[in-house]
file work22.tsv (TSV, C-alpha atoms and all ligand atoms)
chain	number	residue	atom	x	y	z
A	708	MET	CA	-9.01	-27.15	-31.40
A	709	GLN	CA	-6.98	-24.23	-32.68
A	710	GLY	CA	-8.99	-21.88	-34.84
A	711	VAL	CA	-12.31	-23.29	-33.66
A	712	HIS	CA	-14.33	-20.61	-31.92
A	713	VAL	CA	-16.56	-21.90	-29.18
A	714	PRO	CA	-18.61	-19.11	-27.59
A	715	LEU	CA	-18.83	-19.41	-23.82
A	716	ILE	CA	-22.44	-18.30	-23.89
A	717	SER	CA	-24.61	-18.98	-26.90
A	718	ASN	CA	-25.98	-15.93	-28.63
A	719	ALA	CA	-29.56	-16.83	-27.77
A	720	LEU	CA	-28.76	-17.13	-24.10
A	721	PHE	CA	-26.89	-13.84	-24.18
A	722	GLN	CA	-29.92	-12.07	-25.69
A	723	LYS	CA	-32.15	-13.64	-23.05
A	724	VAL	CA	-29.93	-12.40	-20.24
A	725	GLN	CA	-29.81	-8.93	-21.78
A	726	ARG	CA	-33.61	-8.82	-22.03
A	727	ALA	CA	-34.03	-9.90	-18.46
A	728	PHE	CA	-32.08	-6.87	-17.33
A	729	LYS	CA	-33.75	-4.41	-19.66
A	730	LYS	CA	-37.08	-2.74	-19.78
A	731	ASP	CA	-38.09	-0.49	-22.67
A	732	GLY	CA	-34.54	-0.77	-23.98
A	733	LYS	CA	-33.11	0.77	-20.80
A	734	PRO	CA	-31.18	-1.17	-18.22
A	735	LEU	CA	-33.28	-1.87	-15.14
A	736	TYR	CA	-30.43	-0.56	-13.13
A	737	THR	CA	-27.01	0.72	-13.96
A	738	LYS	CA	-24.24	-0.28	-11.68
A	739	HIS	CA	-22.48	2.92	-10.79
A	740	LYS	CA	-19.26	2.94	-8.96
A	741	PHE	CA	-19.16	5.40	-6.15
A	742	LEU	CA	-15.49	6.25	-6.06
A	743	LEU	CA	-15.62	7.69	-2.58
A	744	GLY	CA	-17.90	5.03	-1.10
A	745	ASN	CA	-16.77	3.87	2.36
A	746	PHE	CA	-14.39	6.81	2.51
A	747	PHE	CA	-16.30	9.35	4.59
A	748	THR	CA	-18.35	9.18	7.73
A	749	CYS	CA	-20.82	11.82	8.79
A	750	GLY	CA	-19.11	14.40	10.99
A	751	ASP	CA	-22.29	14.97	12.95
A	752	CYS	CA	-23.92	11.61	13.69
A	753	GLY	CA	-21.07	9.28	12.72
A	754	CYS	CA	-23.10	7.26	10.23
A	755	SER	CA	-21.54	6.21	6.97
A	756	VAL	CA	-21.76	8.43	3.93
A	757	VAL	CA	-23.14	6.95	0.72
A	758	GLY	CA	-23.22	7.93	-2.92
A	759	GLU	CA	-26.32	8.62	-4.96
A	760	ILE	CA	-26.93	9.51	-8.60
A	761	LYS	CA	-28.86	12.61	-9.51
A	762	LYS	CA	-30.21	13.33	-13.00
A	763	GLN	CA	-28.53	10.10	-14.14
A	764	LYS	CA	-25.06	11.66	-14.18
A	765	TYR	CA	-24.20	13.71	-11.10
A	766	ILE	CA	-22.90	11.85	-8.12
A	767	TYR	CA	-23.64	13.15	-4.67
A	768	TYR	CA	-22.73	11.85	-1.24
A	769	HIS	CA	-24.77	12.22	1.90
A	770	CYS	CA	-25.19	10.83	5.39
A	771	THR	CA	-27.20	7.61	5.55
A	772	TRP	CA	-29.10	9.10	8.51
A	773	ALA	CA	-29.27	5.62	9.93
A	774	TYR	CA	-30.16	6.93	13.40
A	775	GLY	CA	-32.96	9.01	11.88
A	776	LYS	CA	-32.87	12.33	10.03
A	777	ASP	CA	-33.86	14.17	13.20
A	778	LYS	CA	-30.68	12.90	14.87
A	779	CYS	CA	-28.35	14.49	12.33
A	780	SER	CA	-27.92	18.12	11.35
A	781	ASN	CA	-25.70	17.29	8.38
A	782	ARG	CA	-28.34	17.46	5.64
A	783	LYS	CA	-26.05	18.53	2.84
A	784	TYR	CA	-25.40	16.65	-0.38
A	785	TYR	CA	-21.79	16.73	-1.50
A	786	ASN	CA	-20.89	16.65	-5.18
A	787	GLU	CA	-18.28	13.99	-5.99
A	788	GLN	CA	-16.27	16.17	-8.35
A	789	GLU	CA	-16.15	18.98	-5.79
A	790	LEU	CA	-14.97	16.55	-3.12
A	791	LEU	CA	-12.20	15.29	-5.39
A	792	ASP	CA	-11.16	18.87	-6.19
A	793	LYS	CA	-11.17	19.99	-2.55
A	794	LEU	CA	-9.18	16.96	-1.45
A	795	GLY	CA	-6.66	17.85	-4.13
A	796	ASP	CA	-5.71	20.82	-1.97
A	797	ALA	CA	-5.02	18.46	0.90
A	798	VAL	CA	-2.75	16.46	-1.41
A	799	LYS	CA	-0.59	19.60	-1.78
A	800	ALA	CA	0.43	19.42	1.87
A	801	VAL	CA	2.32	16.15	1.38
A	802	GLU	CA	3.94	17.11	-1.88
A	803	ILE	CA	7.72	17.35	-1.96
A	804	ASN	CA	10.05	18.80	-4.57
A	805	ASP	CA	13.14	17.17	-6.12
A	806	ASP	CA	15.59	18.72	-3.64
A	807	LEU	CA	13.56	17.63	-0.67
A	808	LYS	CA	13.13	14.13	-2.08
A	809	HIS	CA	16.90	13.65	-2.30
A	810	CYS	CA	17.44	15.26	1.05
A	811	ILE	CA	14.95	13.04	2.89
A	812	TYR	CA	16.27	9.96	1.12
A	813	ASN	CA	19.83	10.74	2.21
A	814	ALA	CA	18.69	11.49	5.75
A	815	ILE	CA	16.94	8.12	5.94
A	816	ILE	CA	20.00	6.34	4.57
A	817	GLU	CA	22.03	8.04	7.29
A	818	LEU	CA	19.55	6.97	9.98
A	819	ASN	CA	19.54	3.51	8.49
A	820	LYS	CA	23.32	3.19	8.70
A	821	GLN	CA	23.24	2.23	12.36
A	822	GLU	CA	20.75	-0.49	11.60
A	823	GLN	CA	22.94	-1.51	8.67
A	824	ASN	CA	26.01	-1.84	10.89
A	825	PHE	CA	24.10	-4.14	13.20
A	826	GLN	CA	22.94	-6.17	10.22
A	827	THR	CA	26.42	-6.38	8.76
A	828	GLU	CA	27.78	-7.74	12.04
A	829	SER	CA	24.95	-10.26	12.27
A	830	LEU	CA	25.50	-11.33	8.67
A	831	GLN	CA	29.21	-11.80	9.23
A	832	ARG	CA	28.47	-13.96	12.26
A	833	LEU	CA	25.92	-16.04	10.36
A	834	ASN	CA	28.26	-16.49	7.38
A	835	ALA	CA	31.07	-17.61	9.71
A	836	GLN	CA	28.74	-20.16	11.31
A	837	ALA	CA	27.69	-21.42	7.89
A	838	GLU	CA	31.32	-21.77	6.81
A	839	LYS	CA	32.16	-23.73	9.97
A	840	ILE	CA	29.26	-26.13	9.37
A	841	ARG	CA	30.28	-26.62	5.72
A	842	LYS	CA	33.77	-27.61	6.89
A	843	GLU	CA	32.27	-30.05	9.39
A	844	ILE	CA	30.10	-31.56	6.66
A	845	HIS	CA	33.21	-32.02	4.54
A	846	ALA	CA	35.14	-33.50	7.48
A	847	ILE	CA	32.49	-36.06	8.44
A	848	TYR	CA	32.22	-37.11	4.81
A	849	GLN	CA	35.95	-37.82	4.87
A	850	ASP	CA	35.40	-39.77	8.12
A	851	LYS	CA	32.77	-41.85	6.35
A	852	LEU	CA	35.15	-42.54	3.47
A	853	ASP	CA	37.92	-43.47	5.96
A	854	GLY	CA	35.54	-45.76	7.78
A	855	THR	CA	35.84	-43.74	11.03
A	856	LEU	CA	32.08	-43.16	10.82
A	857	SER	CA	29.57	-45.80	9.84
A	858	LYS	CA	27.11	-44.93	7.08
A	859	GLU	CA	24.30	-44.57	9.67
A	860	GLN	CA	26.40	-42.36	11.95
A	861	TRP	CA	27.38	-40.19	9.00
A	862	GLN	CA	23.75	-39.92	7.85
A	863	SER	CA	22.56	-38.72	11.22
A	864	GLU	CA	25.51	-36.32	11.76
A	865	ASN	CA	25.17	-34.97	8.23
A	866	GLU	CA	21.41	-34.50	8.59
A	867	ILE	CA	21.84	-32.37	11.74
A	868	ARG	CA	24.33	-30.09	10.00
A	869	GLN	CA	22.31	-29.73	6.81
A	870	GLN	CA	19.31	-28.63	8.89
A	871	ARG	CA	21.41	-26.00	10.69
A	872	LEU	CA	22.73	-24.76	7.39
A	873	ILE	CA	19.21	-24.29	6.04
A	874	ALA	CA	18.22	-22.33	9.16
A	875	ILE	CA	21.24	-20.05	8.82
A	876	LYS	CA	20.61	-19.47	5.10
A	877	THR	CA	17.00	-18.54	5.88
A	878	SER	CA	18.17	-15.98	8.45
A	879	ILE	CA	20.64	-14.48	5.99
A	880	GLU	CA	17.96	-14.15	3.31
A	881	ALA	CA	15.55	-12.56	5.80
A	882	PHE	CA	18.13	-9.90	6.63
A	883	ASP	CA	18.69	-9.10	2.97
A	884	ASN	CA	14.98	-8.93	2.17
A	885	THR	CA	14.10	-6.73	5.17
A	886	ASN	CA	16.65	-4.13	4.32
A	887	ASN	CA	16.01	-4.07	0.60
A	888	LYS	CA	12.27	-3.91	1.22
A	889	PHE	CA	12.61	-1.00	3.63
A	890	MET	CA	14.70	1.12	1.27
A	891	ASP	CA	12.42	0.18	-1.65
A	892	GLU	CA	9.43	1.42	0.34
A	893	VAL	CA	11.18	4.64	1.28
A	894	SER	CA	12.15	5.15	-2.32
A	895	SER	CA	8.70	4.51	-3.77
A	896	THR	CA	6.98	6.65	-1.12
A	897	LEU	CA	9.27	9.58	-1.89
A	898	GLU	CA	8.78	9.04	-5.60
A	899	LEU	CA	5.03	9.14	-5.09
A	900	LEU	CA	5.16	12.38	-3.08
A	901	ASN	CA	7.46	14.09	-5.55
A	902	ASN	CA	5.36	16.77	-7.32
A	903	LEU	CA	2.29	14.87	-6.16
A	904	HIS	CA	-0.22	17.65	-6.67
A	905	SER	CA	0.45	18.07	-10.38
A	906	LYS	CA	0.35	14.30	-10.76
A	907	TYR	CA	-2.98	14.25	-8.91
A	908	LEU	CA	-4.53	16.78	-11.29
A	909	GLN	CA	-3.68	14.55	-14.25
A	910	LEU	CA	-5.20	11.40	-12.78
A	911	SER	CA	-8.60	10.02	-13.71
A	912	ASN	CA	-11.22	10.37	-10.98
A	913	GLU	CA	-10.93	6.66	-10.32
A	914	ASP	CA	-7.18	6.90	-9.73
A	915	LYS	CA	-7.64	10.08	-7.68
A	916	ALA	CA	-9.91	8.14	-5.34
A	917	ILE	CA	-7.37	5.32	-5.03
A	918	LEU	CA	-4.63	7.80	-4.17
A	919	LEU	CA	-6.82	9.63	-1.66
A	920	LYS	CA	-7.64	6.37	0.08
A	921	SER	CA	-3.96	5.61	0.48
A	922	LEU	CA	-3.18	9.08	1.86
A	923	PHE	CA	-6.10	9.84	4.16
A	924	SER	CA	-8.07	8.19	6.90
A	925	ASN	CA	-10.88	9.25	9.24
A	926	CYS	CA	-12.44	11.45	6.60
A	927	THR	CA	-15.64	13.14	7.62
A	928	LEU	CA	-18.19	15.40	5.96
A	929	ASN	CA	-20.11	17.91	8.00
A	930	ASP	CA	-22.00	21.04	7.15
A	931	GLY	CA	-20.23	21.41	3.82
A	932	ASN	CA	-16.77	20.86	5.27
A	933	ILE	CA	-14.36	18.01	4.79
A	934	SER	CA	-11.95	16.90	7.48
A	935	TRP	CA	-9.31	14.21	7.26
A	936	THR	CA	-6.15	12.90	8.81
A	937	TYR	CA	-3.06	11.86	6.93
A	938	LYS	CA	-1.96	8.27	7.24
A	939	LYS	CA	1.57	7.41	8.24
A	940	PRO	CA	4.15	8.31	7.00
A	941	PHE	CA	2.42	11.15	5.12
A	942	CYS	CA	1.35	12.81	8.37
A	943	TYR	CA	4.98	13.56	9.20
A	944	ILE	CA	5.35	15.58	6.04
A	945	ALA	CA	1.95	17.24	6.32
A	946	GLU	CA	2.25	18.18	9.97
A	947	THR	CA	5.44	20.10	9.68
A	948	GLY	CA	6.50	22.46	6.95
A	949	ASP	CA	9.78	22.83	8.81
A	950	PHE	CA	11.93	20.05	7.46
A	951	GLU	CA	15.02	21.57	9.01
A	952	LYS	CA	13.66	20.22	12.31
A	953	ILE	CA	13.29	16.60	11.29
A	954	TYR	CA	16.02	16.43	8.70
A	955	PRO	CA	18.82	18.85	9.57
A	956	GLY	CA	20.30	20.32	6.44
A	957	CYS	CA	17.03	20.09	4.51
A	958	ASP	CA	15.30	23.23	3.42
A	959	SER	CA	11.68	22.71	2.43
A	960	ASN	CA	11.75	25.96	0.46
A	961	ALA	CA	14.79	24.94	-1.52
A	1001	ZN	ZN	-25.23	12.20	9.86

call {"tool": "encode", "arguments": {"input": "work22.tsv", "output": "C-alpha cells", "more": "lines below"}}
Ligand SMILES: [Zn+2]
result
Amino acid sequence: MQGVHVPLISNALFQKVQRAFKKDGKPLYTKHKFLLGNFFTCGDCGCSVVGEIKKQKYIYYHCTWAYGKDKCSNRKYYNEQELLDKLGDAVKAVEINDDLKHCIYNAIIELNKQEQNFQTESLQRLNAQAEKIRKEIHAIYQDKLDGTLSKEQWQSENEIRQQRLIAIKTSIEAFDNTNNKFMDEVSSTLELLNNLHSKYLQLSNEDKAILLKSLFSNCTLNDGNISWTYKKPFCYIAETGDFEKIYPGCDSNA
C-alpha cells in the first residue's frame, strides 16, 4: 500500500460539504474561540459572561442577563484585548525574580527535610523487611531442596512471601514518587513564576488565556472593573510582598 494515496474524503464529497456550509462564498458561521469564555461571571447578577463578535473582528464579553436585563446593572461590554492587558497587571503580583526563586526553593527544601527524615526512616524499615523476606524465600527453597518441605508446602509458603515482597516494593516506590513529584511541582511552579510578567507579554492571546485560567479563579466583571482571586499556591505570593515573613532570610526586593 506504500505510495498509494487514498483520500479519506473524496474531492466531490469535500466540495459538497463546503457548499453546505457556505452561502454567497461566505461561511454560514465562523467558529470563533472565545479565549475567556467560562472565565468570568457577572459581578452584579452572578450570571455567566459570554463572548460576542463585533464588526467581524472585535471580541467583546458581556453578562448573559439570564435573569433579565432589568435585574442587572452591569450593561458594559468588555473588549477581550483590554481584559487580557488588564489581567497582565495582576500577573505581576505573582512574579518572582531569580534571587527569590532560589530563596523560596531552598526554604521549601528546608521545610521538606523533616518530611524527608520521616521518609528515610520508613524506607529503611521497609528495605529491612524486604531483605528479611528475601532471606526467608532463600531458606525455604533450601528446605524444599533438602526435602524438609514438600513441593506443595514450599509453593504455599513461597507464595505468601512473594506477595508480601510485592506489597513492600509498591510502598517503597510510592514514597519515591511522592517526594520526587512534590519537588518537581515546586520547581516547575517557581520556574513559571520567575519573571512571569515579561513572559506573559510575549505569549499569544491563546496562551495568555491558558495561563490566566491556571492563576486565577472567581473572576468577575462589573461596571468596567475586573476582580479575581489567585489560586493556590499563587495567592501566598500575591497576598504578601513581605517574603521575610514567610521565608526568613528572603528579601523580595533583592
Ligand atoms: Zn449581570

call {"tool": "atom_distance", "arguments": {"input": "work22.tsv", "atom1": "CA of Lys938 (chain A)", "atom2": "CA of Lys820 (chain A)"}}
result
25.8 Å

call {"tool": "closest_residue", "arguments": {"input": "work22.tsv", "among": "A:Ser934, A:Ile879, A:Ala916, A:Cys754", "to": "Lys778 (chain A)", "atoms": "only C-alpha atoms"}}
result
A:Cys754

call {"tool": "residues_around", "arguments": {"input": "work22.tsv", "residues": "region 857-874 of chain A", "least_positions_apart": "3", "cutoff": "9 Å", "atoms": "all atoms listed in the file", "output": "list of chain:residue names"}}
result
A:Gln836, A:Ala837, A:Ile840, A:Arg841, A:Glu843, A:Ile844, A:Ile847, A:Tyr848, A:Asp850, A:Lys851, A:Gly854, A:Thr877, A:Ser878, A:Ile879

call {"tool": "residues_near_ligand", "arguments": {"input": "work22.tsv", "ligand": "ligand ZN 1001 (chain A)", "cutoff": "10 Å", "atoms": "all atoms listed in the file", "output": "count of residues only"}}
result
28

call {"tool": "atom_distance", "arguments": {"input": "work22.tsv", "atom1": "CA of Lys793 (chain A)", "atom2": "CA of Ile760 (chain A)"}}
result
19.9 Å

call {"tool": "atom_distance", "arguments": {"input": "work22.tsv", "atom1": "CA of Leu922 (chain A)", "atom2": "CA of Phe941 (chain A)"}}
result
6.8 Å

call {"tool": "closest_residue", "arguments": {"input": "work22.tsv", "among": "A:Ile875, A:Leu790, A:Ala814, A:Val798", "to": "Ser921 (chain A)", "atoms": "all atoms listed in the file"}}
result
A:Val798

call {"tool": "residues_around", "arguments": {"input": "work22.tsv", "residues": "Val801 (chain A)", "least_positions_apart": "5", "cutoff": "7 Å", "atoms": "only C-alpha atoms", "output": "list in words"}}
result
Leu900, Phe941, Ile944 and Ala945 of chain A

call {"tool": "closest_residue", "arguments": {"input": "work22.tsv", "among": "A:Ala800, A:Ala846, A:Lys876, A:Gln831", "to": "Thr936 (chain A)", "atoms": "all atoms listed in the file"}}
result
A:Ala800

call {"tool": "residues_around", "arguments": {"input": "work22.tsv", "residues": "Tyr765 (chain A)", "least_positions_apart": "3", "cutoff": "12 Å", "atoms": "all atoms listed in the file", "output": "compact mmCIF listing (two decimals) with C-alpha atoms, in the frame of the given file"}}
result
# COMPACT_ATOMS: atom_id res chain seq x y z
CA HIS A 739 -22.48 2.92 -10.79
CA PHE A 741 -19.16 5.40 -6.15
CA GLY A 758 -23.22 7.93 -2.92
CA GLU A 759 -26.32 8.62 -4.96
CA ILE A 760 -26.93 9.51 -8.60
CA LYS A 761 -28.86 12.61 -9.51
CA LYS A 762 -30.21 13.33 -13.00
CA TYR A 768 -22.73 11.85 -1.24
CA TYR A 784 -25.40 16.65 -0.38
CA TYR A 785 -21.79 16.73 -1.50
CA ASN A 786 -20.89 16.65 -5.18
CA GLU A 787 -18.28 13.99 -5.99
CA GLN A 788 -16.27 16.17 -8.35
CA GLU A 789 -16.15 18.98 -5.79

call {"tool": "residues_around", "arguments": {"input": "work22.tsv", "residues": "region 880-890 of chain A", "least_positions_apart": "5", "cutoff": "10 Å", "atoms": "only C-alpha atoms", "output": "list of chain:residue names"}}
result
A:Tyr812, A:Ile815, A:Ile816, A:Asn819, A:Glu822, A:Gln823, A:Gln826, A:Thr827, A:Ser829, A:Leu830, A:Ile875, A:Ser895, A:Thr896

call {"tool": "build_atoms", "arguments": {"input": "work22.tsv", "residues": "region 799-831 of chain A", "atoms": "N, CA and C atoms", "output": "PDB file, in the coordinates of the input"}}
result
ATOM      1  N   LYS A 799      -1.709  18.642  -1.698  1.00  0.00           N
ATOM      2  CA  LYS A 799      -0.590  19.600  -1.780  1.00  0.00           C
ATOM      3  C   LYS A 799       0.304  19.554  -0.556  1.00  0.00           C
ATOM      4  N   ALA A 800      -0.315  19.346   0.609  1.00  0.00           N
ATOM      5  CA  ALA A 800       0.430  19.420   1.870  1.00  0.00           C
ATOM      6  C   ALA A 800       1.470  18.307   2.034  1.00  0.00           C
ATOM      7  N   VAL A 801       1.336  17.240   1.244  1.00  0.00           N
ATOM      8  CA  VAL A 801       2.320  16.150   1.380  1.00  0.00           C
ATOM      9  C   VAL A 801       3.228  16.071   0.150  1.00  0.00           C
ATOM     10  N   GLU A 802       3.099  17.093  -0.681  1.00  0.00           N
ATOM     11  CA  GLU A 802       3.940  17.110  -1.880  1.00  0.00           C
ATOM     12  C   GLU A 802       5.379  17.523  -1.523  1.00  0.00           C
ATOM     13  N   ILE A 803       6.329  16.918  -2.165  1.00  0.00           N
ATOM     14  CA  ILE A 803       7.720  17.350  -1.960  1.00  0.00           C
ATOM     15  C   ILE A 803       8.360  17.637  -3.316  1.00  0.00           C
ATOM     16  N   ASN A 804       9.358  18.513  -3.300  1.00  0.00           N
ATOM     17  CA  ASN A 804      10.050  18.800  -4.570  1.00  0.00           C
ATOM     18  C   ASN A 804      11.288  17.909  -4.715  1.00  0.00           C
ATOM     19  N   ASP A 805      11.983  18.034  -5.840  1.00  0.00           N
ATOM     20  CA  ASP A 805      13.140  17.170  -6.120  1.00  0.00           C
ATOM     21  C   ASP A 805      14.209  17.256  -5.035  1.00  0.00           C
ATOM     22  N   ASP A 806      14.525  18.515  -4.636  1.00  0.00           N
ATOM     23  CA  ASP A 806      15.590  18.720  -3.640  1.00  0.00           C
ATOM     24  C   ASP A 806      15.244  18.017  -2.337  1.00  0.00           C
ATOM     25  N   LEU A 807      13.989  18.212  -1.932  1.00  0.00           N
ATOM     26  CA  LEU A 807      13.560  17.630  -0.670  1.00  0.00           C
ATOM     27  C   LEU A 807      13.536  16.100  -0.743  1.00  0.00           C
ATOM     28  N   LYS A 808      13.156  15.585  -1.887  1.00  0.00           N
ATOM     29  CA  LYS A 808      13.130  14.130  -2.080  1.00  0.00           C
ATOM     30  C   LYS A 808      14.527  13.550  -1.837  1.00  0.00           C
ATOM     31  N   HIS A 809      15.531  14.152  -2.464  1.00  0.00           N
ATOM     32  CA  HIS A 809      16.900  13.650  -2.300  1.00  0.00           C
ATOM     33  C   HIS A 809      17.382  13.822  -0.869  1.00  0.00           C
ATOM     34  N   CYS A 810      17.001  14.953  -0.304  1.00  0.00           N
ATOM     35  CA  CYS A 810      17.440  15.260   1.050  1.00  0.00           C
ATOM     36  C   CYS A 810      16.874  14.259   2.066  1.00  0.00           C
ATOM     37  N   ILE A 811      15.580  13.989   1.957  1.00  0.00           N
ATOM     38  CA  ILE A 811      14.950  13.040   2.890  1.00  0.00           C
ATOM     39  C   ILE A 811      15.531  11.640   2.682  1.00  0.00           C
ATOM     40  N   TYR A 812      15.717  11.294   1.421  1.00  0.00           N
ATOM     41  CA  TYR A 812      16.270   9.960   1.120  1.00  0.00           C
ATOM     42  C   TYR A 812      17.642   9.791   1.762  1.00  0.00           C
ATOM     43  N   ASN A 813      18.488  10.816   1.612  1.00  0.00           N
ATOM     44  CA  ASN A 813      19.830  10.740   2.210  1.00  0.00           C
ATOM     45  C   ASN A 813      19.770  10.700   3.728  1.00  0.00           C
ATOM     46  N   ALA A 814      18.826  11.476   4.285  1.00  0.00           N
ATOM     47  CA  ALA A 814      18.690  11.490   5.750  1.00  0.00           C
ATOM     48  C   ALA A 814      18.277  10.107   6.251  1.00  0.00           C
ATOM     49  N   ILE A 815      17.393   9.452   5.510  1.00  0.00           N
ATOM     50  CA  ILE A 815      16.940   8.120   5.940  1.00  0.00           C
ATOM     51  C   ILE A 815      18.061   7.098   5.788  1.00  0.00           C
ATOM     52  N   ILE A 816      18.849   7.234   4.739  1.00  0.00           N
ATOM     53  CA  ILE A 816      20.000   6.340   4.570  1.00  0.00           C
ATOM     54  C   ILE A 816      20.945   6.494   5.761  1.00  0.00           C
ATOM     55  N   GLU A 817      21.136   7.751   6.153  1.00  0.00           N
ATOM     56  CA  GLU A 817      22.030   8.040   7.290  1.00  0.00           C
ATOM     57  C   GLU A 817      21.501   7.382   8.567  1.00  0.00           C
ATOM     58  N   LEU A 818      20.187   7.571   8.794  1.00  0.00           N
ATOM     59  CA  LEU A 818      19.550   6.970   9.980  1.00  0.00           C
ATOM     60  C   LEU A 818      19.621   5.443   9.907  1.00  0.00           C
ATOM     61  N   ASN A 819      19.571   4.947   8.702  1.00  0.00           N
ATOM     62  CA  ASN A 819      19.540   3.510   8.490  1.00  0.00           C
ATOM     63  C   ASN A 819      20.917   2.863   8.644  1.00  0.00           C
ATOM     64  N   LYS A 820      21.950   3.710   8.638  1.00  0.00           N
ATOM     65  CA  LYS A 820      23.320   3.190   8.700  1.00  0.00           C
ATOM     66  C   LYS A 820      23.572   2.381   9.974  1.00  0.00           C
ATOM     67  N   GLN A 821      23.047   2.910  11.080  1.00  0.00           N
ATOM     68  CA  GLN A 821      23.240   2.230  12.360  1.00  0.00           C
ATOM     69  C   GLN A 821      22.644   0.821  12.314  1.00  0.00           C
ATOM     70  N   GLU A 822      21.432   0.789  11.768  1.00  0.00           N
ATOM     71  CA  GLU A 822      20.750  -0.490  11.600  1.00  0.00           C
ATOM     72  C   GLU A 822      21.563  -1.399  10.672  1.00  0.00           C
ATOM     73  N   GLN A 823      22.123  -0.782   9.635  1.00  0.00           N
ATOM     74  CA  GLN A 823      22.940  -1.510   8.670  1.00  0.00           C
ATOM     75  C   GLN A 823      24.167  -2.131   9.323  1.00  0.00           C
ATOM     76  N   ASN A 824      24.819  -1.341  10.211  1.00  0.00           N
ATOM     77  CA  ASN A 824      26.010  -1.840  10.890  1.00  0.00           C
ATOM     78  C   ASN A 824      25.686  -3.081  11.709  1.00  0.00           C
ATOM     79  N   PHE A 825      24.546  -2.998  12.407  1.00  0.00           N
ATOM     80  CA  PHE A 825      24.100  -4.140  13.200  1.00  0.00           C
ATOM     81  C   PHE A 825      23.874  -5.341  12.296  1.00  0.00           C
ATOM     82  N   GLN A 826      23.232  -5.073  11.166  1.00  0.00           N
ATOM     83  CA  GLN A 826      22.940  -6.170  10.220  1.00  0.00           C
ATOM     84  C   GLN A 826      24.214  -6.761   9.645  1.00  0.00           C
ATOM     85  N   THR A 827      25.166  -5.889   9.328  1.00  0.00           N
ATOM     86  CA  THR A 827      26.420  -6.380   8.760  1.00  0.00           C
ATOM     87  C   THR A 827      27.122  -7.313   9.743  1.00  0.00           C
ATOM     88  N   GLU A 828      27.143  -6.891  11.020  1.00  0.00           N
ATOM     89  CA  GLU A 828      27.780  -7.740  12.040  1.00  0.00           C
ATOM     90  C   GLU A 828      27.054  -9.081  12.147  1.00  0.00           C
ATOM     91  N   SER A 829      25.733  -9.018  12.165  1.00  0.00           N
ATOM     92  CA  SER A 829      24.950 -10.260  12.270  1.00  0.00           C
ATOM     93  C   SER A 829      25.204 -11.161  11.064  1.00  0.00           C
ATOM     94  N   LEU A 830      25.272 -10.548   9.898  1.00  0.00           N
ATOM     95  CA  LEU A 830      25.500 -11.330   8.670  1.00  0.00           C
ATOM     96  C   LEU A 830      26.871 -11.988   8.682  1.00  0.00           C
ATOM     97  N   GLN A 831      27.862 -11.229   9.157  1.00  0.00           N
ATOM     98  CA  GLN A 831      29.210 -11.800   9.230  1.00  0.00           C
ATOM     99  C   GLN A 831      29.227 -13.009  10.152  1.00  0.00           C
TER     100      GLN A 831
END
